[in-house]
Structures are given as structure tokens and as C-alpha cells.
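Containing TSV, C-alpha atoms: coords35.tsv.
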```
chain	number	residue	atom	x	y	z
R	1	MET	CA	188.30	-28.00	111.72
R	2	GLY	CA	190.72	-26.44	109.29
R	3	ALA	CA	192.62	-23.22	109.63
R	4	PRO	CA	191.11	-19.92	108.47
R	5	LYS	CA	191.64	-19.37	104.74
R	6	MET	CA	192.40	-15.87	103.48
R	7	GLN	CA	191.95	-15.47	99.75
R	8	PRO	CA	193.74	-12.85	97.63
R	9	THR	CA	192.47	-9.30	97.55
R	10	PHE	CA	189.46	-9.03	95.25
R	11	THR	CA	190.25	-6.84	92.22
R	12	GLY	CA	187.37	-7.75	89.90
R	13	LYS	CA	184.00	-6.12	89.34
R	14	ALA	CA	180.41	-7.19	89.59
R	15	GLY	CA	178.82	-8.17	86.31
R	16	PRO	CA	177.69	-11.04	84.09
R	17	GLY	CA	181.17	-12.60	84.04
R	18	LEU	CA	181.16	-13.09	87.80
R	19	LEU	CA	177.75	-14.75	87.59
R	20	VAL	CA	178.95	-17.11	84.84
R	21	ARG	CA	181.91	-18.11	86.98
R	22	ALA	CA	179.57	-18.76	89.92
R	23	ALA	CA	177.36	-20.97	87.73
R	24	LEU	CA	180.16	-23.24	86.45
R	25	PRO	CA	180.28	-25.61	89.48
R	26	ALA	CA	176.65	-26.54	88.78
R	27	ILE	CA	177.34	-27.68	85.20
R	28	PRO	CA	178.04	-31.44	84.86
R	29	GLY	CA	181.45	-32.07	83.37
R	30	VAL	CA	182.61	-28.51	83.77
R	31	ASN	CA	182.39	-28.93	87.55
R	32	ALA	CA	185.21	-31.48	87.39
R	33	ILE	CA	187.75	-29.02	85.96
R	34	PRO	CA	190.51	-28.02	88.41
R	35	GLY	CA	189.94	-24.48	89.65
R	36	ILE	CA	186.17	-24.95	89.29
R	37	LYS	CA	185.69	-28.28	91.03
R	38	LYS	CA	184.68	-28.01	94.67
R	39	THR	CA	187.62	-29.32	96.68
R	40	GLY	CA	185.83	-30.42	99.83
R	41	ALA	CA	188.45	-28.54	101.84
R	42	VAL	CA	187.87	-28.22	105.56
R	43	TYR	CA	187.90	-24.62	106.76
R	44	ASP	CA	186.96	-22.45	109.70
R	45	GLU	CA	186.15	-19.48	107.53
R	46	LEU	CA	186.79	-18.01	104.08
R	47	SER	CA	187.50	-14.32	103.73
R	48	LEU	CA	188.00	-11.87	100.89
R	49	THR	CA	188.93	-8.18	100.96
R	50	ARG	CA	188.28	-5.46	98.43
R	51	GLU	CA	190.66	-2.51	98.43
R	52	PRO	CA	189.18	0.95	99.04
R	53	VAL	CA	186.73	2.06	96.37
R	54	VAL	CA	185.89	5.74	95.96
R	55	LEU	CA	182.12	6.20	95.99
R	56	GLU	CA	181.37	8.08	92.78
R	57	ARG	CA	178.45	10.50	92.65
R	58	ASP	CA	177.05	9.22	89.34
R	59	ALA	CA	176.88	5.61	90.56
R	60	VAL	CA	175.40	6.61	93.92
R	61	SER	CA	172.81	8.87	92.27
R	62	ALA	CA	171.75	6.17	89.82
R	63	TYR	CA	171.22	3.75	92.70
R	64	ALA	CA	169.39	6.32	94.82
R	65	GLU	CA	167.02	7.26	92.01
R	66	LEU	CA	166.17	3.64	91.19
R	67	CYS	CA	165.51	2.73	94.84
R	68	GLY	CA	163.54	5.84	95.78
R	69	PHE	CA	166.14	7.71	97.86
R	70	PRO	CA	166.70	11.46	97.60
R	71	ILE	CA	169.93	12.62	95.97
R	72	LYS	CA	172.25	13.78	98.76
R	73	ASP	CA	175.94	14.13	99.59
R	74	THR	CA	175.74	10.93	101.66
R	75	VAL	CA	175.02	7.46	100.29
R	76	PRO	CA	171.82	5.50	101.04
R	77	LEU	CA	172.17	3.10	103.97
R	78	PRO	CA	172.12	-0.08	101.81
R	79	TYR	CA	174.46	1.27	99.12
R	80	PRO	CA	177.68	-0.39	100.40
R	81	HIS	CA	176.06	-3.72	99.53
R	82	MET	CA	177.03	-2.79	95.93
R	83	LEU	CA	180.65	-3.25	97.03
R	84	ALA	CA	179.94	-6.38	99.05
R	85	PHE	CA	177.94	-8.36	96.49
R	86	PRO	CA	180.91	-9.17	94.20
R	87	LEU	CA	182.75	-10.57	97.22
R	88	HIS	CA	179.77	-12.80	98.05
R	89	MET	CA	179.79	-14.19	94.52
R	90	ALA	CA	183.57	-14.62	94.45
R	91	LEU	CA	183.52	-16.54	97.73
R	92	MET	CA	180.67	-18.75	96.52
R	93	SER	CA	182.68	-19.40	93.35
R	94	SER	CA	185.76	-20.48	95.27
R	95	PRO	CA	186.64	-24.18	94.94
R	96	ASP	CA	186.96	-24.23	98.75
R	97	PHE	CA	183.34	-23.11	99.27
R	98	PRO	CA	181.35	-26.34	99.46
R	99	SER	CA	178.06	-25.36	97.77
R	100	PRO	CA	177.45	-24.12	94.20
R	101	ALA	CA	176.26	-20.51	94.08
R	102	MET	CA	173.41	-21.32	91.72
R	103	GLY	CA	170.42	-22.35	93.79
R	104	MET	CA	171.43	-20.44	96.92
R	105	VAL	CA	168.54	-18.26	98.11
R	106	HIS	CA	169.00	-14.97	99.96
R	107	ILE	CA	166.59	-15.36	102.89
R	108	GLU	CA	167.70	-12.68	105.37
R	109	ASN	CA	169.75	-9.51	105.44
R	110	SER	CA	170.89	-7.24	108.27
R	111	ILE	CA	172.58	-3.87	107.74
R	112	SER	CA	174.11	-1.66	110.44
R	113	GLY	CA	175.21	1.86	109.55
R	114	TYR	CA	177.31	3.49	112.25
R	115	ARG	CA	177.56	6.91	110.62
R	116	PRO	CA	176.61	8.50	107.29
R	117	ILE	CA	179.07	7.68	104.50
R	118	SER	CA	179.77	10.57	102.15
R	119	VAL	CA	180.03	10.53	98.38
R	120	GLY	CA	183.74	10.68	97.55
R	121	GLU	CA	184.91	8.65	100.55
R	122	ALA	CA	187.06	5.58	99.87
R	123	VAL	CA	185.44	2.48	101.36
R	124	ALA	CA	187.17	-0.88	101.84
R	125	VAL	CA	185.11	-4.02	102.45
R	126	THR	CA	185.91	-7.48	103.79
R	127	THR	CA	183.48	-10.39	103.60
R	128	THR	CA	183.83	-13.55	105.68
R	129	VAL	CA	181.78	-16.74	105.66
R	130	GLY	CA	182.04	-19.58	108.14
R	131	GLN	CA	180.43	-22.97	108.52
R	132	PRO	CA	176.70	-23.28	107.72
R	133	GLU	CA	173.96	-23.46	110.30
R	134	PRO	CA	171.23	-26.11	110.02
R	135	HIS	CA	167.96	-24.82	108.60
R	136	PRO	CA	164.58	-26.60	108.61
R	137	VAL	CA	164.87	-27.25	104.85
R	138	GLY	CA	168.65	-27.41	104.40
R	139	LYS	CA	171.54	-25.32	105.63
R	140	ALA	CA	172.24	-21.59	105.74
R	141	TYR	CA	175.45	-19.61	105.31
R	142	ALA	CA	175.94	-16.16	106.88
R	143	PHE	CA	178.19	-13.81	104.89
R	144	LEU	CA	179.46	-11.04	107.18
R	145	THR	CA	180.72	-7.86	105.49
R	146	VAL	CA	182.57	-5.06	107.27
R	147	ALA	CA	183.10	-1.70	105.53
R	148	THR	CA	185.79	0.68	106.72
R	149	VAL	CA	186.96	4.21	105.89
R	150	GLY	CA	190.54	4.87	106.92
R	151	GLY	CA	190.37	1.93	109.32
R	152	GLU	CA	187.12	3.11	110.95
R	153	VAL	CA	184.25	0.61	110.82
R	154	VAL	CA	181.36	2.56	109.32
R	155	TRP	CA	179.00	-0.17	108.09
R	156	GLU	CA	178.35	-3.89	108.53
R	157	SER	CA	175.98	-6.39	107.02
R	158	THR	CA	175.07	-10.05	107.28
R	159	SER	CA	173.51	-11.77	104.28
R	160	THR	CA	172.08	-15.22	104.98
R	161	TYR	CA	171.78	-17.64	102.06
R	162	LEU	CA	169.84	-20.90	102.13
R	163	VAL	CA	170.97	-24.08	100.39
R	164	ARG	CA	167.97	-26.41	100.16
R	165	GLY	CA	168.71	-30.00	101.00
R	166	LYS	CA	168.09	-32.52	103.71
R	167	ARG	CA	165.22	-31.46	105.96
R	168	ASN	CA	165.93	-30.93	109.64
R	169	PRO	CA	162.60	-31.37	111.44
R	170	ASP	CA	164.11	-30.66	114.85
R	171	VAL	CA	165.51	-27.26	113.79
R	172	THR	CA	163.54	-24.07	114.42
R	173	TRP	CA	164.64	-21.01	112.46
R	174	PRO	CA	164.19	-17.86	114.58
R	175	SER	CA	161.96	-15.11	113.20
R	176	ASP	CA	160.64	-12.34	115.43
R	177	PHE	CA	159.44	-9.83	112.84
R	178	ALA	CA	155.94	-8.41	113.16
R	179	GLU	CA	153.61	-8.42	110.16
R	180	VAL	CA	152.39	-4.87	109.50
R	181	ASP	CA	149.23	-3.87	107.67
R	182	PRO	CA	150.21	-2.34	104.29
R	183	SER	CA	148.56	1.01	104.89
R	184	GLY	CA	151.38	3.04	103.37
R	185	PRO	CA	152.22	3.86	99.75
R	186	VAL	CA	151.82	1.47	96.82
R	187	PHE	CA	154.82	1.08	94.51
R	188	PRO	CA	154.12	0.10	90.88
R	189	LEU	CA	156.99	-2.03	89.53
R	190	LYS	CA	157.75	-2.20	85.82
R	191	ALA	CA	158.81	-5.35	83.97
R	192	ASP	CA	162.33	-4.02	83.42
R	193	LEU	CA	163.06	-3.27	87.10
R	194	GLY	CA	165.36	-6.29	87.42
R	195	ARG	CA	167.38	-5.28	84.37
R	196	ARG	CA	167.71	-1.69	85.59
R	197	TYR	CA	168.79	-2.80	89.06
R	198	ALA	CA	171.27	-5.28	87.57
R	199	LYS	CA	172.99	-2.40	85.76
R	200	VAL	CA	173.58	-0.46	88.98
R	201	ALA	CA	174.17	-3.42	91.31
R	202	GLY	CA	175.97	-5.90	89.05
R	203	ASP	CA	173.57	-8.73	89.95
R	204	PHE	CA	172.67	-10.22	86.56
R	205	ASN	CA	171.08	-13.40	87.88
R	206	PRO	CA	168.77	-14.57	85.05
R	207	ILE	CA	165.80	-14.90	87.40
R	208	HIS	CA	165.64	-11.09	87.49
R	209	LEU	CA	166.00	-10.26	83.80
R	210	PHE	CA	163.41	-11.66	81.38
R	211	PRO	CA	160.43	-14.05	81.49
R	212	LEU	CA	162.32	-16.60	79.38
R	213	THR	CA	165.46	-16.61	81.55
R	214	ALA	CA	163.39	-16.76	84.73
R	215	LYS	CA	161.28	-19.66	83.42
R	216	ALA	CA	164.47	-21.59	82.64
R	217	LEU	CA	165.21	-21.52	86.37
R	218	GLY	CA	161.72	-22.44	87.56
R	219	PHE	CA	159.95	-19.07	87.91
R	220	LYS	CA	156.80	-18.13	86.01
R	221	ARG	CA	158.39	-14.79	85.07
R	222	GLN	CA	161.20	-12.51	86.26
R	223	ILE	CA	161.34	-11.39	89.90
R	224	ALA	CA	162.62	-8.26	91.62
R	225	HIS	CA	165.93	-8.39	93.47
R	226	GLY	CA	165.44	-8.90	97.18
R	227	MET	CA	167.94	-6.14	97.97
R	228	TRP	CA	165.96	-3.73	95.81
R	229	THR	CA	162.82	-4.48	97.87
R	230	LYS	CA	164.78	-3.87	101.07
R	231	ALA	CA	166.26	-0.65	99.71
R	232	ARG	CA	162.81	0.60	98.64
R	233	CYS	CA	161.47	-0.01	102.16
R	234	ILE	CA	164.41	1.81	103.74
R	235	ALA	CA	163.85	4.73	101.34
R	236	ALA	CA	160.24	4.95	102.52
R	237	LEU	CA	161.49	5.31	106.12
R	238	GLU	CA	164.72	7.19	105.51
R	239	ASN	CA	163.67	10.60	106.83
R	240	ARG	CA	162.62	8.93	110.11
R	241	LEU	CA	165.84	6.97	110.73
R	242	PRO	CA	168.74	8.22	112.87
R	243	ASP	CA	172.28	8.52	111.50
R	244	ALA	CA	173.20	5.24	113.24
R	245	ALA	CA	170.67	2.47	112.63
R	246	ARG	CA	170.28	-1.23	111.94
R	247	VAL	CA	167.75	-2.62	109.47
R	248	ASP	CA	166.93	-6.35	109.54
R	249	VAL	CA	164.71	-8.08	106.99
R	250	ALA	CA	163.48	-11.55	106.10
R	251	PHE	CA	162.65	-12.19	102.45
R	252	LYS	CA	159.44	-14.20	102.07
R	253	LYS	CA	157.71	-14.58	98.68
R	254	PRO	CA	159.30	-13.33	95.43
R	255	VAL	CA	157.98	-10.16	93.79
R	256	PHE	CA	157.03	-11.03	90.21
R	257	LEU	CA	157.45	-8.31	87.58
R	258	PRO	CA	155.50	-6.35	86.57
R	259	SER	CA	153.33	-5.91	89.66
R	260	SER	CA	152.59	-3.48	92.46
R	261	VAL	CA	153.52	-3.77	96.12
R	262	ALA	CA	152.12	-2.06	99.21
R	263	PHE	CA	154.29	-0.85	102.06
R	264	GLY	CA	153.33	-0.56	105.71
R	265	SER	CA	155.18	0.52	108.85
R	266	LEU	CA	154.49	0.74	112.56
R	267	LYS	CA	156.50	2.64	115.19
R	268	HIS	CA	158.01	0.74	118.09
R	269	LEU	CA	160.24	1.88	120.95
R	270	ASP	CA	163.56	1.98	119.05
R	271	GLY	CA	162.42	2.20	115.43
R	272	TYR	CA	159.87	0.74	113.03
R	273	ASP	CA	158.43	-2.61	112.05
R	274	PHE	CA	157.59	-2.75	108.35
R	275	SER	CA	156.44	-5.09	105.61
R	276	LEU	CA	155.92	-5.27	101.86
R	277	GLN	CA	152.93	-7.10	100.40
R	278	ASN	CA	151.34	-7.69	96.99
R	279	SER	CA	148.88	-4.81	96.71
R	280	ALA	CA	146.47	-6.40	94.21
R	281	GLU	CA	146.10	-9.59	96.26
R	282	HIS	CA	145.76	-7.60	99.49
R	283	LYS	CA	142.80	-5.73	97.98
R	284	ARG	CA	141.19	-9.09	97.20
R	285	GLY	CA	141.56	-10.14	100.84
R	286	SER	CA	144.52	-12.50	100.44
R	287	ASN	CA	147.99	-11.93	101.81
R	288	THR	CA	151.15	-12.48	99.78
R	289	LEU	CA	153.90	-11.26	102.07
R	290	HIS	CA	157.14	-10.39	100.28
R	291	LEU	CA	159.26	-8.96	103.08
R	292	VAL	CA	159.12	-8.22	106.79
R	293	GLY	CA	161.61	-6.16	108.70
R	294	ARG	CA	162.56	-3.93	111.59
R	295	THR	CA	164.68	-0.84	112.09
R	296	THR	CA	166.55	-0.22	115.35
R	297	ALA	CA	168.40	2.91	116.49
R	298	LEU	CA	172.04	2.23	117.37
```
Could you quickly redo this structure as C-alpha cells?
Amino acid sequence: MGAPKMQPTFTGKAGPGLLVRAALPAIPGVNAIPGIKKTGAVYDELSLTREPVVLERDAVSAYAELCGFPIKDTVPLPYPHMLAFPLHMALMSSPDFPSPAMGMVHIENSISGYRPISVGEAVAVTTTVGQPEPHPVGKAYAFLTVATVGGEVVWESTSTYLVRGKRNPDVTWPSDFAEVDPSGPVFPLKADLGRRYAKVAGDFNPIHLFPLTAKALGFKRQIAHGMWTKARCIAALENRLPDAARVDVAFKKPVFLPSSVAFGSLKHLDGYDFSLQNSAEHKRGSNTLHLVGRTTAL
């Protein structure tokens, strides 16, 4: 194994430019250019730090409104992911990271909030990724992000991305989430949801924007961001969650836009099991499961 690799402090921003950079290693010819070409370097882990960012009220409010959270003086539990996502993309774009970012699928996400984070606080984030784990249909990378305020760890997340490849029939991927009947509210989703979320989150992946751009990448039309679906579920439970909580989810089927989704939750000892399903198909007796998850008090 190689030594840990620390990359320079991240000073960029999320946006279309970061996505273009991430896409370059997948383009024949371009992927041979030094600085873009994957080096095949051996590493223990890659890490990238973003200097403290002051959480501005306008940005937090725009996110909260889009995801269904009330406007408060503290930020929604998943909001620090807005700071982490550019680091994920920058690490994937690194020549030392072995897999191209394009084609990686976000399959799981875990968020732990250790205390409420206030609007106006300065939050620093560090993201680290190690070697992949074998997955039944390829390999999976876990991107661990730690958010701090004045050196205090206030928030952590793990985003797991799948790279499809050689099948591993002997590998079992753990999943212990319960499927919950969608007896809760139904959320109608407009066709422009992906574009609106991209503006607040900086994730301009073409699969989320327009039917034409989504079709170019193999989807019948644009799909909602997975982290929006998670945020919307957390918003539906927010007034029942303690100040310190963990929320784990597994992303199942994509949510095509426009559509409507039905939410359901069920209390367990330390929190709630929950799921998000296609409401129209559920009414017809079928079951298209988009997301399953669990909250746990910390």
C-alpha cells in the first residue's frame, strides 16, 4: 500500500465547471492528457480539506424551502452536504483517484449530526476516501466527511458510490432497512426540481436537468437528486428528531421527473424507519421503492 496522500486545501466552488472537470477522464483522447489522466498511483487514502465557510442565511433558506424544512436559525441536518459535495467531485477528479467520476452511482448515505449548527457559524469540512470495497456488481467507495466548528466535530457523513464492473457473486452487500408502507404525505415533484436543486447544491449532473441531457446518459427523462429525496424525508420527520441524530439511507430506484412520491414512517425504539415510493404505482398495486432509511438518536 502507498502512503496517505493529502491534497491541497480546496478553494473552488460547486458548479458546472467542477462537473466538466470530473467528466474529462471519461473522454477518449482527453483522458490521456497529463493532469487528467488517471495515474494508477497506489494510495492508502486521499483527503481534501475546505477552509471554514460561513453559513449564509440566504443560501440556507433557499435550501430549506426547496427541501421542505422550516426556516430557522439553525441549518437543516443534511445541509452541510452542500459543503462536502464539491470535495467529493474534486477527489473523484484527481488523477490519483482510480475511477472516472462519470458513471459512479450514489447508493448509500449516512449523516450524523452531533448538535444543531447555527446560521452564521463558520464550518470547515474534510473529506477522505480510501480503498474500495467489493460490491456484488462492482466496487464501492466510501467518502467520509467530517465538519468542524472551531475544532469541534459537529457533523459527519459517509457517501457510498458504486462503480459497476466485474460481478462478485460471493459478495453480499449488507442492507438492514425495513420497508415501510407509504401511508404518509404525497409529494408532487415538478419537472424542474433537478434544475432548482442544482442551483442551491451545485450538482449540475445532466441526468437531473432536462429530458434530452438525461437521455444522453441512458435515462428516459431527468431524475431527482438522491440527496434531495433524503432531505425531503428528513424534513418530514424533522420535528420528531432529537438535536443529535443519525440518518442512514439506501437509494433504490431513481425518481423520474415530473412525478409524485409517497412517504411513510414507522417508529422504532431509537427513531424511525422510513421509505419513499412512487405514489401512482403504489395506488395501482405495484411497488417502485425509491429510498429506504432509518433515523437513530445519538
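Using all atoms listed in the file, the smallest distance between any of R:Val180, R:Met102, R:Leu298, R:Ala147 and Leu266 (chain R) comes from R:Val180.
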Name all residues at most 8 Å from Asp273 (chain R) (count only C-alpha atoms; drop same-chain ones fewer than 3 positions away) and give them as a PDB file with C-alpha atoms, in the coordinates of the input.
```pdb
ATOM      1  CA  PHE R 177     159.440  -9.830 112.840  1.00  0.00           C
ATOM      2  CA  ALA R 178     155.940  -8.410 113.160  1.00  0.00           C
ATOM      3  CA  GLU R 179     153.610  -8.420 110.160  1.00  0.00           C
ATOM      4  CA  VAL R 180     152.390  -4.870 109.500  1.00  0.00           C
ATOM      5  CA  SER R 265     155.180   0.520 108.850  1.00  0.00           C
ATOM      6  CA  LEU R 266     154.490   0.740 112.560  1.00  0.00           C
ATOM      7  CA  LYS R 267     156.500   2.640 115.190  1.00  0.00           C
ATOM      8  CA  HIS R 268     158.010   0.740 118.090  1.00  0.00           C
ATOM      9  CA  VAL R 292     159.120  -8.220 106.790  1.00  0.00           C
ATOM     10  CA  GLY R 293     161.610  -6.160 108.700  1.00  0.00           C
ATOM     11  CA  ARG R 294     162.560  -3.930 111.590  1.00  0.00           C
ATOM     12  CA  THR R 295     164.680  -0.840 112.090  1.00  0.00           C
TER      13      THR R 295
END
```
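Residues of protein, DNA or RNA having at least one counted atom within 12 Å of (160.2, -15.4, 93.7), given only C-alpha atoms, are Val105, His106, Ile107, Ile207, His208, Ala214, Lys215, Leu217, Gly218, Phe219, Lys220, Arg221, Gln222, Ile223, Ala224, His225, Gly226, Thr229, Phe251, Lys252, Lys253, Pro254, Val255, Phe256, Leu257, Thr288, Leu289, His290 and Leu291 of chain R.
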Residues as selected, C-alpha atoms, written as a tab-separated table (two decimals), in the frame of the given file, can you do that?
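As written to disk, part19.tsv reads:
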```tsv
chain	number	residue	atom	x	y	z
R	105	VAL	CA	168.54	-18.26	98.11
R	106	HIS	CA	169.00	-14.97	99.96
R	107	ILE	CA	166.59	-15.36	102.89
R	207	ILE	CA	165.80	-14.90	87.40
R	208	HIS	CA	165.64	-11.09	87.49
R	214	ALA	CA	163.39	-16.76	84.73
R	215	LYS	CA	161.28	-19.66	83.42
R	217	LEU	CA	165.21	-21.52	86.37
R	218	GLY	CA	161.72	-22.44	87.56
R	219	PHE	CA	159.95	-19.07	87.91
R	220	LYS	CA	156.80	-18.13	86.01
R	221	ARG	CA	158.39	-14.79	85.07
R	222	GLN	CA	161.20	-12.51	86.26
R	223	ILE	CA	161.34	-11.39	89.90
R	224	ALA	CA	162.62	-8.26	91.62
R	225	HIS	CA	165.93	-8.39	93.47
R	226	GLY	CA	165.44	-8.90	97.18
R	229	THR	CA	162.82	-4.48	97.87
R	251	PHE	CA	162.65	-12.19	102.45
R	252	LYS	CA	159.44	-14.20	102.07
R	253	LYS	CA	157.71	-14.58	98.68
R	254	PRO	CA	159.30	-13.33	95.43
R	255	VAL	CA	157.98	-10.16	93.79
R	256	PHE	CA	157.03	-11.03	90.21
R	257	LEU	CA	157.45	-8.31	87.58
R	288	THR	CA	151.15	-12.48	99.78
R	289	LEU	CA	153.90	-11.26	102.07
R	290	HIS	CA	157.14	-10.39	100.28
R	291	LEU	CA	159.26	-8.96	103.08
```
For region 200-288 of chain R versus region 182-194 of chain R, which residues have an atom no more than 6 Å away, and what is each residue's nearest atom pair and distance in Å rounded to one decimal, using only C-alpha atoms, chain-then-number order, as CSV?
```
residue,atom,partner,partner_atom,distance
R:His208,CA,R:Gly194,CA,4.8
R:Leu209,CA,R:Gly194,CA,5.4
R:Ala224,CA,R:Gly194,CA,5.4
R:Leu257,CA,R:Ala191,CA,4.9
R:Pro258,CA,R:Ala191,CA,4.3
R:Ser259,CA,R:Leu189,CA,5.3
R:Ser260,CA,R:Pro188,CA,4.2
R:Val261,CA,R:Phe187,CA,5.3
R:Ala262,CA,R:Val186,CA,4.3
R:Phe263,CA,R:Pro182,CA,4.9
R:Gly264,CA,R:Pro182,CA,3.9
```
Okay, now the selection with C-alpha atoms, as an mmCIF file, in the coordinates of the input?
```cif
data_model
loop_
_atom_site.group_PDB
_atom_site.id
_atom_site.type_symbol
_atom_site.label_atom_id
_atom_site.label_comp_id
_atom_site.auth_asym_id
_atom_site.auth_seq_id
_atom_site.Cartn_x
_atom_site.Cartn_y
_atom_site.Cartn_z
ATOM 1 C CA HIS R 208 165.640 -11.090 87.490
ATOM 2 C CA LEU R 209 166.000 -10.260 83.800
ATOM 3 C CA ALA R 224 162.620 -8.260 91.620
ATOM 4 C CA LEU R 257 157.450 -8.310 87.580
ATOM 5 C CA PRO R 258 155.500 -6.350 86.570
ATOM 6 C CA SER R 259 153.330 -5.910 89.660
ATOM 7 C CA SER R 260 152.590 -3.480 92.460
ATOM 8 C CA VAL R 261 153.520 -3.770 96.120
ATOM 9 C CA ALA R 262 152.120 -2.060 99.210
ATOM 10 C CA PHE R 263 154.290 -0.850 102.060
ATOM 11 C CA GLY R 264 153.330 -0.560 105.710
#
```
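Taking CA of Glu56 (chain R) and CA of Ile71 (chain R) as the two end points, the separation is 12.7 Å.
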Could you work out an axis-aligned box for region 96-104 of chain R, taking every atom the file lists and adding 5 Å on each side, and report centre and edge lengths in Å to one decimal, as AutoDock Vina command-line options?
```
--center_x 178.7 --center_y -23.4 --center_z 95.6 --size_x 26.5 --size_y 15.9 --size_z 17.7
```
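Comparing R:Glu152, R:Ser175, R:Asp203, R:Gln131 by their smallest distance to Met89 (chain R), the closest is R:Asp203 (using all atoms listed in the file).
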Subject >> CA of Leu276 (chain R) to CA of Leu212 (chain R), distance in Å rounded to a single decimal >> reply: 26.0 Å
Original post:
CA of Leu77 (chain R) to CA of Val163 (chain R): how many Å, to one decimal?
Top reply: 27.4 Å
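Within 6 Å of the point (174.3, 2.2, 109.2) in file coordinates, and counting only C-alpha atoms, lie the residues Leu77, Ser112, Gly113, Tyr114, Arg115, Trp155, Ala244, Ala245 and Arg246 of chain R.
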Got time to write the residues from that selection, C-alpha atoms, as a PDB file, in the coordinates of the input?
```
ATOM      1  CA  LEU R  77     172.170   3.100 103.970  1.00  0.00           C
ATOM      2  CA  SER R 112     174.110  -1.660 110.440  1.00  0.00           C
ATOM      3  CA  GLY R 113     175.210   1.860 109.550  1.00  0.00           C
ATOM      4  CA  TYR R 114     177.310   3.490 112.250  1.00  0.00           C
ATOM      5  CA  ARG R 115     177.560   6.910 110.620  1.00  0.00           C
ATOM      6  CA  TRP R 155     179.000  -0.170 108.090  1.00  0.00           C
ATOM      7  CA  ALA R 244     173.200   5.240 113.240  1.00  0.00           C
ATOM      8  CA  ALA R 245     170.670   2.470 112.630  1.00  0.00           C
ATOM      9  CA  ARG R 246     170.280  -1.230 111.940  1.00  0.00           C
TER      10      ARG R 246
END
```
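The smallest atom-to-atom distance between Pro98 (chain R) and any of R:Ala41, R:Ala59, R:Ala84, R:Leu66, using all atoms listed in the file, is found for R:Ala41.
Using all atoms listed in the file, the shortest contact distance between Pro132 (chain R) and any of R:Val153, R:Ile117, R:Leu46, R:Cys233 is found at R:Leu46.
Distances here use only C-alpha atoms; by that measure, the residue among R:Pro76, R:Gly202, R:Pro242, R:Gly150 closest to Ser61 (chain R) is R:Pro76.
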If I only have part of region 99-105 of chain R, can you fill in all heavy atoms and write it as a compact mmCIF listing (two decimals), in the frame of the given file?
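Wrote out.txt, looks like this:
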```txt
# COMPACT_ATOMS: atom_id res chain seq x y z
N SER R 99 179.33 -25.32 98.49
CA SER R 99 178.06 -25.36 97.77
C SER R 99 178.12 -24.51 96.50
O SER R 99 178.69 -23.41 96.54
CB SER R 99 176.92 -24.87 98.66
OG SER R 99 176.77 -25.68 99.80
N PRO R 100 177.53 -24.97 95.39
CA PRO R 100 177.45 -24.12 94.20
C PRO R 100 176.61 -22.88 94.47
O PRO R 100 175.61 -22.93 95.21
CB PRO R 100 176.77 -25.02 93.16
CG PRO R 100 176.96 -26.42 93.67
CD PRO R 100 176.97 -26.30 95.16
N ALA R 101 177.00 -21.76 93.87
CA ALA R 101 176.26 -20.51 94.08
C ALA R 101 174.86 -20.58 93.50
O ALA R 101 173.91 -20.04 94.08
CB ALA R 101 177.04 -19.35 93.46
N MET R 102 174.73 -21.24 92.33
CA MET R 102 173.41 -21.32 91.72
C MET R 102 172.49 -22.18 92.59
O MET R 102 172.85 -23.30 92.98
CB MET R 102 173.52 -21.93 90.32
CG MET R 102 174.23 -21.04 89.32
SD MET R 102 173.40 -19.47 88.98
CE MET R 102 174.31 -18.33 90.03
N GLY R 103 171.35 -21.65 92.92
CA GLY R 103 170.42 -22.35 93.79
C GLY R 103 170.42 -21.83 95.22
O GLY R 103 169.50 -22.13 95.99
N MET R 104 171.44 -21.05 95.59
CA MET R 104 171.43 -20.44 96.92
C MET R 104 170.41 -19.31 96.94
O MET R 104 170.32 -18.52 96.00
CB MET R 104 172.83 -19.93 97.28
CG MET R 104 173.86 -21.04 97.41
SD MET R 104 175.48 -20.45 97.97
CE MET R 104 175.16 -20.03 99.68
N VAL R 105 169.63 -19.23 98.01
CA VAL R 105 168.54 -18.26 98.11
C VAL R 105 168.83 -17.29 99.25
O VAL R 105 169.08 -17.71 100.39
CB VAL R 105 167.20 -18.98 98.37
CG1 VAL R 105 166.06 -17.95 98.46
CG2 VAL R 105 166.92 -20.01 97.29
```
